[in-house]
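Here the structure comes first, spelled out in structure tokens, and everything after it is commentary.
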Amino acid sequence: MKVTQDIISETRKLRGVPPLPSEVAQRLSKIHSTYSQGYQVATTTDELEAILPKLNTLSADLIGFALEGVGTGLAQLDVLAPTEQNRVEAFVKGSGAAYENFVYVGLGLMLGRKKLPIEPYLKSLSLTQSWLVLDGYGFQHGFTHWQNYLQGQPIPEVLSGYACEVFDQGMGRSIWFIDGTDVTLIPQTIATFPIERQSNLWGGVGYACAYAGGVERPTLEALKIAAGSYHPILAQAAAIAAKSRQLIGNPAVYTELACEVMCGMGAEAAAKTVDKMLDSLFTAMDTPDQESWQSYRIHLLRQSRIALLA
């Protein structure tokens with residue numbers, strides 16, 4: 001697989017935009033190499049229990065990206081060399097329980113990259129698991145197939161209803177990468193989409209800028225201004241990224257900085273605001289269409305954490 005820096009550089013050249021700043025290129029390339037490491041470990045390790053120990057030398061702030069790669073690798077093996085045991089399901093029920101959300105995003109990345117049918121997975125998985133798959137599916141469409149999906153083009157016809165919103169959240173994350181954190185280009189890209197899709201796309205950008213990072217305070221401040229009326233979406237997404245990291249114990253300087261800029265508070269305080277929001281939402285879990293995808297992402301993380309402590 002090509003490294004992220006090469007993909008983004010080629011894409012920016014095709015789109016006629018300037019090359020990436022070196023520090024941004026290094027961060028995004030590091031994220032993709034970590035993802036690739038997880039993929040490589042998953043596809044070359046026979047025992048599922050041996051996967052996580054092989055990743056224990058990674059920086060804590062990158063482990064989520066490695067587990068997305070693990071999800072992609074295991075899902076690919078399930079397609080190409082199926083056995084009686086579904087590897088993805090077995091991994092998240094065993095040693096990978098705390099990382100279920102990343103693993104199922106990785107499954108969606110595999111389906112999106114290979115352009116495989118997603119409908120069988122949406123029917124067989126739980127509702128929240130299917131949303132994770134859709135998030136990865138949306139990201140991969142924006143990242144790999146950007147010519148067909150990233151300039152306001154329609155969502156794949158097989159998706160409808162709330163699934164389209166989750167798909168756009170994932171695509172929004174891809175915009176942070178494919179536009180190379182360029183705060184001038186990002187709003188231009190989002191503006192090509194119908195107005196009803198823009199909120200979810202900004203949500204994905206906000207989550208990615210806080211979780212993946214790659215930029216310093218002036219760029220984040222410029223992004224906040226560029227978002228205009230969508231700034232509250234960025235703030236919410238940054239807080240949710242902080243909560244995501246808090247629950248698996250992998251804080252990052254990029255998340256702290258993004259929360260300071262977008263939320264006006266540090267990552268720990270921002271995560272507490274998510275707790276308060278979730279406390280008022282849990283009673284409506286049977287009506288997911290009324291809730292934001294970000295809230296359910298945190299619900300999944302909290303469930304995983306409780307399972308580990310039980």
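Every chain in the structure tokens takes a letter, A first, then B, and so on in the order presented; its residues are numbered from 1, and the ligands are numbered from 1 following the presented order.
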Env of range 258-271 of chain A: 8 Å cut, atoms = only C-alpha atoms, seq-sep filter 4 positions within chain, self excluded. Answer as a PyMOL selection string. chain A and resi 209-210+213+217+220-221+224+231+234-236+238-240+242-243+246+254+275
Write out as a PDB file with N, CA, C and O atoms, in the first residue's frame the residues lying within 8 Å of range 93-95 of chain A, counting only C-alpha atoms and excluding same-chain residues fewer than 4 positions away.
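Dumped to out10.pdb:
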ATOM      1  N   LEU A  48      -5.042 -15.045  17.242  1.00  0.00           N
ATOM      2  CA  LEU A  48      -5.597 -13.718  17.478  1.00  0.00           C
ATOM      3  C   LEU A  48      -5.060 -13.091  18.768  1.00  0.00           C
ATOM      4  O   LEU A  48      -4.864 -11.876  18.843  1.00  0.00           O
ATOM      5  N   GLU A  49      -4.809 -13.920  19.778  1.00  0.00           N
ATOM      6  CA  GLU A  49      -4.322 -13.410  21.056  1.00  0.00           C
ATOM      7  C   GLU A  49      -2.919 -12.827  20.952  1.00  0.00           C
ATOM      8  O   GLU A  49      -2.480 -12.077  21.831  1.00  0.00           O
ATOM      9  N   LEU A  52      -2.201  -8.157  19.694  1.00  0.00           N
ATOM     10  CA  LEU A  52      -1.943  -6.966  20.510  1.00  0.00           C
ATOM     11  C   LEU A  52      -0.521  -6.912  21.070  1.00  0.00           C
ATOM     12  O   LEU A  52       0.101  -5.840  21.045  1.00  0.00           O
ATOM     13  N   GLU A  89     -15.059 -10.941  14.474  1.00  0.00           N
ATOM     14  CA  GLU A  89     -15.954 -11.156  15.613  1.00  0.00           C
ATOM     15  C   GLU A  89     -15.217 -11.793  16.779  1.00  0.00           C
ATOM     16  O   GLU A  89     -15.387 -11.388  17.946  1.00  0.00           O
TER      17      GLU A  89
END
I'd like the neighbourhood of Lys54 in chain A as a ChimeraX atom specification, where a residue qualifies if any of its atoms comes within 12 Å (using only C-alpha atoms), though same-chain residues fewer than 4 positions away should be ignored. /A:37-42,44-45,47-50,58,63,66-67,70
Considering only C-alpha atoms, can you say which of A:Leu134, A:Trp146, A:Tyr104, A:Trp202 comes closest to Gly228 in chain A?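 That would be A:Trp202, the residue with the smallest distance to Gly228 in chain A.
Note that the spacing between CA of Ala252 in chain A and CA of Val24 in chain A amounts to 15.9 Å.
Comparing A:Ile31, A:Ile8, A:Ala226, A:Val88 by their smallest distance to Ile175 in chain A, the closest is A:Ile8 (using only C-alpha atoms).
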Residue list (helix (DSSP H, G or I), DSSP) for range 44-256 of chain A, as number ranges by chain: A: 44, 48-50, 52-55, 60-80, 87-93, 97-114, 119-124, 127-144, 146-149, 162-178, 185-191, 195-211, 217-248, 253-256
